[in-house]
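Here the structure comes first, spelled out in structure tokens, and everything after it is commentary.
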Amino acid sequence: MRILHTSDWHIGRTFHGVDLLADQERVLEAIAGLVAAEGVDTVVLPGDVYDRSIPSADAIAVCNRGFEAIRAAGARIVATSGNHDSPTRLGAGASFAAAGGLYLRTTVADSHRPILLSDSYGEVAFYGIPYLEPEICRAELGVPQARSHAEVLAAVLTRIRADIAERPGVRAVLLAHAFVVGGMAGGSERSISVGGVETVPLQLFTELAADYVALGHLHSPQTLADSVRYSGSPLPYSFGESSHRKKVWLVDLDAGGPARVREHELPQVRGLSKLTGTLEELLADSAWEPAEQHYVSVTLTDYARPVDAMRKLRERFPHAVHVEWERPQASTALKYRERVRGRDDTDIARTFLGDVRGEPSETEMQWLARAMAAAVREPESGGGAITEPAAAGTELTA
């Protein structure tokens, strides 16, 4: 049996406010094309099908079209719920969906009840463990003292191990949505630590008599053991993932022995670029041409904050999604007392304006001098003498 391992689709996710549904639909079409080209029998999807518990109608439509394309390409689908999904909503109609080749596992009660699919060598048992929140599922699992993800996952794996033992000779594939020790976060994952310690030891999976463990939650492809892997998300969901090559794993199960696993890179729908420079440089320099159709994050280094920078950047980089201003002098340590010693108020104010928005004009300095003169002449509440203006300040009359 040939299995394709993908995960963390996050259908409906936005990228710095930009809708990604079109990009997600394209990458799901690519996965369906790979299913057809490689003769994949089963696609496993361990969690985070959607990006939120109540997905939009458009997100549901994109996801359904992805499922339909994969099924039409010849593969059955086994999917579980992740920490972003609503188990109840994702699992609605699971029995009916199974009749069409989409097998959903979203409840603790079903986690040790395998989906049995056959090939020429016999049956393969697919065990789907949904995301387990310790506070919610510990009573159902009979471990009321459990406070961590490791404890509730261990309770589920005990049930699965017992079921595997009753099926001698049956090959087993496990799906789980968890943060396994040794895995590296990519930066766009949502923490799953609510309700207990979030990480679980790799040993829980390596001790299980499973031919392959398909993990979800971390967004970069990773191999924790030969038979325990994360496929990562099919698209990058943060600029921290700009260097990742998105992949799926193709897993071949024969009559027995270890699974044979190989990677397949997914096509890049749209690149990510982080650019640094002055606004003028970024708009004119031909070196930035490769980034013109990428999602772009810009750090501007102009002396003064440019006006309407995003609009101007999008004239060249239409997919620019983030801009920040970082003056080159910003990292210099300031010693306040040394900088103001021996200087009058007007000079200090001029320096302040230069630091935050650029050198003030003479007209602006005249208005500043008037305001300061008025401020120092104003008597304190309760009466008192009028204070003379600071020396060396240019005083203008209205």
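Letters A, B, ... go to the chains of the structure tokens in the order shown; residues in each chain start at 1; ligands are counted from 1 in the same order.
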Interface rows for segment 9-111 of chain A against segment 154-171 of chain A: nearest pair, Å to one decimal, 12 Å, only C-alpha atoms, as CSV:
```
residue,atom,partner,partner_atom,distance
A:Thr107,CA,A:Val156,CA,11.3
A:Val108,CA,A:Val156,CA,7.9
A:Ala109,CA,A:Val156,CA,9.3
A:Asp110,CA,A:Val156,CA,10.1
A:Ser111,CA,A:Val156,CA,7.2
```
How about saving the chosen residues, all heavy atoms kept, as a PDB file, in the first residue's frame?
```pdb
ATOM      1  N   THR A 107     -12.910  11.752  17.710  1.00  0.00           N
ATOM      2  CA  THR A 107     -13.302  11.522  19.097  1.00  0.00           C
ATOM      3  C   THR A 107     -12.315  10.588  19.782  1.00  0.00           C
ATOM      4  O   THR A 107     -11.708   9.725  19.149  1.00  0.00           O
ATOM      5  CB  THR A 107     -14.716  10.905  19.190  1.00  0.00           C
ATOM      6  OG1 THR A 107     -14.688   9.581  18.629  1.00  0.00           O
ATOM      7  CG2 THR A 107     -15.742  11.757  18.458  1.00  0.00           C
ATOM      8  N   VAL A 108     -12.188  10.770  21.092  1.00  0.00           N
ATOM      9  CA  VAL A 108     -11.329   9.899  21.890  1.00  0.00           C
ATOM     10  C   VAL A 108     -11.837   8.464  21.833  1.00  0.00           C
ATOM     11  O   VAL A 108     -11.057   7.506  21.751  1.00  0.00           O
ATOM     12  CB  VAL A 108     -11.272  10.403  23.345  1.00  0.00           C
ATOM     13  CG1 VAL A 108     -10.513   9.421  24.219  1.00  0.00           C
ATOM     14  CG2 VAL A 108     -10.630  11.778  23.409  1.00  0.00           C
ATOM     15  N   ALA A 109     -13.150   8.307  21.856  1.00  0.00           N
ATOM     16  CA  ALA A 109     -13.742   6.967  21.876  1.00  0.00           C
ATOM     17  C   ALA A 109     -13.357   6.141  20.658  1.00  0.00           C
ATOM     18  O   ALA A 109     -13.254   4.908  20.731  1.00  0.00           O
ATOM     19  CB  ALA A 109     -15.258   7.075  21.979  1.00  0.00           C
ATOM     20  N   ASP A 110     -13.129   6.792  19.506  1.00  0.00           N
ATOM     21  CA  ASP A 110     -12.803   6.066  18.274  1.00  0.00           C
ATOM     22  C   ASP A 110     -11.309   5.926  18.028  1.00  0.00           C
ATOM     23  O   ASP A 110     -10.903   5.294  17.050  1.00  0.00           O
ATOM     24  CB  ASP A 110     -13.433   6.777  17.072  1.00  0.00           C
ATOM     25  CG  ASP A 110     -14.930   6.553  16.977  1.00  0.00           C
ATOM     26  OD1 ASP A 110     -15.402   5.542  17.519  1.00  0.00           O
ATOM     27  OD2 ASP A 110     -15.620   7.398  16.376  1.00  0.00           O
ATOM     28  N   SER A 111     -10.475   6.510  18.886  1.00  0.00           N
ATOM     29  CA  SER A 111      -9.045   6.568  18.591  1.00  0.00           C
ATOM     30  C   SER A 111      -8.383   5.191  18.558  1.00  0.00           C
ATOM     31  O   SER A 111      -7.360   5.018  17.885  1.00  0.00           O
ATOM     32  CB  SER A 111      -8.335   7.471  19.595  1.00  0.00           C
ATOM     33  OG  SER A 111      -8.550   7.017  20.917  1.00  0.00           O
TER      34      SER A 111
END
```
Next item on the list: Name all residues at most 6 Å from Thr299 of chain A (count only C-alpha atoms; drop same-chain ones fewer than 5 positions away) and give them as a PyMOL selection string.
Entry: chain A and resi 276+323-325
Next, dump the selected residues to file, keeping only all heavy atoms, as a compact mmCIF listing (two decimals), in the first residue's frame.
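Writing the result to selection_13.txt gives the following:
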```txt
# COMPACT_ATOMS: atom_id res chain seq x y z
N THR A 276 15.32 44.62 3.07
CA THR A 276 15.77 45.69 3.95
C THR A 276 16.47 46.76 3.11
O THR A 276 17.29 46.44 2.24
CB THR A 276 16.75 45.16 5.01
OG1 THR A 276 16.09 44.16 5.79
CG2 THR A 276 17.21 46.27 5.94
N VAL A 323 5.32 46.04 6.65
CA VAL A 323 6.39 47.01 6.56
C VAL A 323 6.64 47.59 7.94
O VAL A 323 5.70 47.81 8.72
CB VAL A 323 6.05 48.14 5.55
CG1 VAL A 323 4.81 48.93 5.97
CG2 VAL A 323 7.24 49.07 5.36
N GLU A 324 7.91 47.77 8.27
CA GLU A 324 8.28 48.41 9.52
C GLU A 324 9.45 49.35 9.26
O GLU A 324 10.19 49.17 8.28
CB GLU A 324 8.64 47.40 10.60
CG GLU A 324 9.82 46.51 10.24
CD GLU A 324 10.09 45.46 11.31
OE1 GLU A 324 9.12 44.95 11.90
OE2 GLU A 324 11.27 45.17 11.54
N TRP A 325 9.59 50.34 10.13
CA TRP A 325 10.66 51.33 9.96
C TRP A 325 11.68 51.13 11.06
O TRP A 325 11.33 51.09 12.24
CB TRP A 325 10.06 52.74 10.03
CG TRP A 325 11.06 53.86 9.96
CD1 TRP A 325 12.03 54.04 9.02
CD2 TRP A 325 11.17 54.95 10.87
NE1 TRP A 325 12.74 55.17 9.27
CE2 TRP A 325 12.24 55.77 10.41
CE3 TRP A 325 10.48 55.33 12.02
CZ2 TRP A 325 12.62 56.93 11.07
CZ3 TRP A 325 10.86 56.49 12.67
CH2 TRP A 325 11.91 57.27 12.20
```
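Minimum distance to Leu34 of chain A across A:Gly182, A:Gly93, A:Gly256, A:Pro267 (counting only C-alpha atoms) occurs at A:Pro267.
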Notebook entry, point to check: Where does DSSP see helix (DSSP H, G or I) in segment 13-217 of chain A, if you list the residues as a PyMOL selection string?
Noted result: chain A and resi 21-38+57-72+87-91+94-99+108-110+134-137+149-165+203-206
Item checked: Pick from A:Leu279, A:Ala214, A:Ile11, A:Val251, whichever lies nearest to Asp58 of chain A using only C-alpha atoms -> A:Ile11
Notebook entry, point to check: Looking only at the backbone, which of the residues in segment 111-274 of chain A does DSSP tag as strand (DSSP E or B), as an MDAnalysis selection string?
Noted result: chainID A and resid 115:119 122:129 171:177 179:180 199:200 212:216 222:225 228:230 247:252 260:265 272:274
Hey, could you make a per-residue contact list for segment 38-95 of chain A against segment 228-250 of chain A with 10 Å as the cut-off, showing the nearest pair of atoms and its distance in Å to one decimal, counting only C-alpha atoms, sorted by chain and number, as a Markdown table?
```
| residue | atom | partner | partner_atom | distance |
| --- | --- | --- | --- | --- |
| A:Glu38 | CA | A:Leu250 | CA | 8.8 |
| A:Val40 | CA | A:Leu250 | CA | 8.2 |
| A:Val43 | CA | A:Leu250 | CA | 9.4 |
| A:Leu45 | CA | A:Ser231 | CA | 9.4 |
| A:Pro46 | CA | A:Tyr230 | CA | 9.4 |
| A:Asp48 | CA | A:Ser233 | CA | 9.4 |
```
Check: How far is it from atom CA of Val296 of chain A to atom CA of Arg13 of chain A, in Å with one decimal?
Finding: 17.3 Å
Check: Which residues, written as a PyMOL selection string, have at least one atom at most 10 Å from Leu215 of chain A, with only C-alpha atoms counted and residues fewer than 2 positions away on the same chain left out?
Finding: chain A and resi 5-8+44-47+129+174-180+212-213+217-218+221-224+228-232
Restrict the selected residues to N, CA, C and O atoms and save them as a JSON list (two decimals), in the first residue's frame.
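Result file out_9.json:
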```json
[["chain", "number", "residue", "atom", "x", "y", "z"],
["A", 5, "HIS", "N", 1.57, 11.16, 3.18],
["A", 5, "HIS", "CA", 1.42, 11.83, 4.48],
["A", 5, "HIS", "C", 1.50, 13.33, 4.28],
["A", 5, "HIS", "O", 2.54, 13.87, 3.89],
["A", 6, "THR", "N", 0.40, 14.01, 4.53],
["A", 6, "THR", "CA", 0.34, 15.48, 4.53],
["A", 6, "THR", "C", -0.32, 15.89, 5.84],
["A", 6, "THR", "O", -0.92, 15.07, 6.53],
["A", 7, "SER", "N", -0.23, 17.16, 6.19],
["A", 7, "SER", "CA", -0.89, 17.61, 7.43],
["A", 7, "SER", "C", -0.98, 19.13, 7.45],
["A", 7, "SER", "O", -0.43, 19.83, 6.58],
["A", 8, "ASP", "N", -1.69, 19.63, 8.45],
["A", 8, "ASP", "CA", -1.74, 21.06, 8.75],
["A", 8, "ASP", "C", -2.08, 21.91, 7.53],
["A", 8, "ASP", "O", -1.38, 22.86, 7.19],
["A", 44, "VAL", "N", -3.09, 10.34, 4.36],
["A", 44, "VAL", "CA", -3.33, 10.54, 5.79],
["A", 44, "VAL", "C", -3.10, 12.01, 6.12],
["A", 44, "VAL", "O", -2.12, 12.62, 5.68],
["A", 45, "LEU", "N", -3.99, 12.56, 6.93],
["A", 45, "LEU", "CA", -3.99, 13.98, 7.28],
["A", 45, "LEU", "C", -4.20, 14.12, 8.78],
["A", 45, "LEU", "O", -5.33, 14.21, 9.26],
["A", 46, "PRO", "N", -3.11, 14.15, 9.57],
["A", 46, "PRO", "CA", -3.25, 14.17, 11.04],
["A", 46, "PRO", "C", -3.45, 15.57, 11.62],
["A", 46, "PRO", "O", -2.61, 16.11, 12.32],
["A", 47, "GLY", "N", -4.58, 16.14, 11.35],
["A", 47, "GLY", "CA", -5.02, 17.32, 12.08],
["A", 47, "GLY", "C", -4.76, 18.67, 11.45],
["A", 47, "GLY", "O", -3.98, 18.83, 10.52],
["A", 129, "ILE", "N", -5.64, 9.43, 16.08],
["A", 129, "ILE", "CA", -5.76, 10.09, 17.39],
["A", 129, "ILE", "C", -5.99, 11.57, 17.17],
["A", 129, "ILE", "O", -5.10, 12.27, 16.66],
["A", 174, "LEU", "N", -0.34, 4.94, 12.42],
["A", 174, "LEU", "CA", -0.90, 5.81, 13.46],
["A", 174, "LEU", "C", -0.85, 7.25, 13.01],
["A", 174, "LEU", "O", 0.15, 7.72, 12.48],
["A", 175, "LEU", "N", -1.95, 7.99, 13.24],
["A", 175, "LEU", "CA", -2.01, 9.43, 13.01],
["A", 175, "LEU", "C", -2.15, 10.11, 14.37],
["A", 175, "LEU", "O", -2.99, 9.70, 15.18],
["A", 176, "ALA", "N", -1.34, 11.15, 14.62],
["A", 176, "ALA", "CA", -1.43, 11.86, 15.89],
["A", 176, "ALA", "C", -1.09, 13.33, 15.69],
["A", 176, "ALA", "O", -0.23, 13.67, 14.87],
["A", 177, "HIS", "N", -1.79, 14.18, 16.45],
["A", 177, "HIS", "CA", -1.55, 15.62, 16.39],
["A", 177, "HIS", "C", -0.96, 16.04, 17.73],
["A", 177, "HIS", "O", -1.68, 16.14, 18.73],
["A", 178, "ALA", "N", 0.36, 16.25, 17.76],
["A", 178, "ALA", "CA", 1.03, 16.50, 19.04],
["A", 178, "ALA", "C", 2.38, 17.16, 18.79],
["A", 178, "ALA", "O", 2.91, 17.15, 17.67],
["A", 179, "PHE", "N", 2.94, 17.76, 19.85],
["A", 179, "PHE", "CA", 4.27, 18.35, 19.82],
["A", 179, "PHE", "C", 5.23, 17.36, 20.47],
["A", 179, "PHE", "O", 5.28, 17.25, 21.69],
["A", 180, "VAL", "N", 5.94, 16.62, 19.63],
["A", 180, "VAL", "CA", 6.81, 15.56, 20.12],
["A", 180, "VAL", "C", 8.20, 16.13, 20.40],
["A", 180, "VAL", "O", 8.75, 16.92, 19.62],
["A", 212, "TYR", "N", 4.21, 2.84, 10.72],
["A", 212, "TYR", "CA", 4.48, 4.25, 10.41],
["A", 212, "TYR", "C", 3.64, 5.13, 11.33],
["A", 212, "TYR", "O", 2.48, 4.80, 11.61],
["A", 213, "VAL", "N", 4.23, 6.25, 11.79],
["A", 213, "VAL", "CA", 3.52, 7.22, 12.62],
["A", 213, "VAL", "C", 3.53, 8.55, 11.88],
["A", 213, "VAL", "O", 4.60, 9.15, 11.66],
["A", 217, "HIS", "N", 1.03, 18.96, 13.48],
["A", 217, "HIS", "CA", 1.12, 20.11, 14.38],
["A", 217, "HIS", "C", 2.31, 20.99, 14.04],
["A", 217, "HIS", "O", 2.16, 22.20, 13.94],
["A", 218, "LEU", "N", 3.50, 20.45, 13.86],
["A", 218, "LEU", "CA", 4.66, 21.27, 13.50],
["A", 218, "LEU", "C", 4.67, 21.46, 11.98],
["A", 218, "LEU", "O", 4.38, 20.53, 11.22],
["A", 221, "PRO", "N", 8.78, 19.92, 7.61],
["A", 221, "PRO", "CA", 8.98, 18.48, 7.49],
["A", 221, "PRO", "C", 10.14, 18.03, 8.39],
["A", 221, "PRO", "O", 11.20, 18.65, 8.39],
["A", 222, "GLN", "N", 9.91, 16.97, 9.14],
["A", 222, "GLN", "CA", 10.93, 16.52, 10.09],
["A", 222, "GLN", "C", 10.86, 15.01, 10.27],
["A", 222, "GLN", "O", 9.77, 14.43, 10.26],
["A", 223, "THR", "N", 12.04, 14.40, 10.45],
["A", 223, "THR", "CA", 12.14, 12.98, 10.73],
["A", 223, "THR", "C", 12.65, 12.81, 12.14],
["A", 223, "THR", "O", 13.80, 13.15, 12.45],
["A", 224, "LEU", "N", 11.81, 12.31, 13.04],
["A", 224, "LEU", "CA", 12.20, 12.07, 14.43],
["A", 224, "LEU", "C", 12.73, 10.66, 14.62],
["A", 224, "LEU", "O", 13.55, 10.42, 15.51],
["A", 228, "VAL", "N", 8.72, 7.69, 12.27],
["A", 228, "VAL", "CA", 7.97, 8.73, 12.98],
["A", 228, "VAL", "C", 8.34, 10.07, 12.36],
["A", 228, "VAL", "O", 9.47, 10.55, 12.51],
["A", 229, "ARG", "N", 7.38, 10.71, 11.68],
["A", 229, "ARG", "CA", 7.70, 11.91, 10.91],
["A", 229, "ARG", "C", 6.58, 12.94, 10.95],
["A", 229, "ARG", "O", 5.40, 12.60, 11.09],
["A", 230, "TYR", "N", 6.99, 14.20, 10.80],
["A", 230, "TYR", "CA", 6.08, 15.32, 10.51],
["A", 230, "TYR", "C", 6.20, 15.62, 9.02],
["A", 230, "TYR", "O", 7.31, 15.72, 8.48],
["A", 231, "SER", "N", 5.07, 15.81, 8.36],
["A", 231, "SER", "CA", 5.12, 16.24, 6.96],
["A", 231, "SER", "C", 5.22, 17.76, 6.86],
["A", 231, "SER", "O", 5.71, 18.30, 5.87],
["A", 232, "GLY", "N", 4.73, 18.46, 7.90],
["A", 232, "GLY", "CA", 4.68, 19.92, 7.83],
["A", 232, "GLY", "C", 3.49, 20.39, 7.02],
["A", 232, "GLY", "O", 2.76, 19.61, 6.40]]
```
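Taking atom CA of Leu4 of chain A and atom CA of Asp23 of chain A as endpoints, the distance between them is 20.3 Å.
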Item checked: Between atom CA of Asp51 of chain A and atom CA of Ala92 of chain A - distance in Å to one decimal -> 17.1 Å
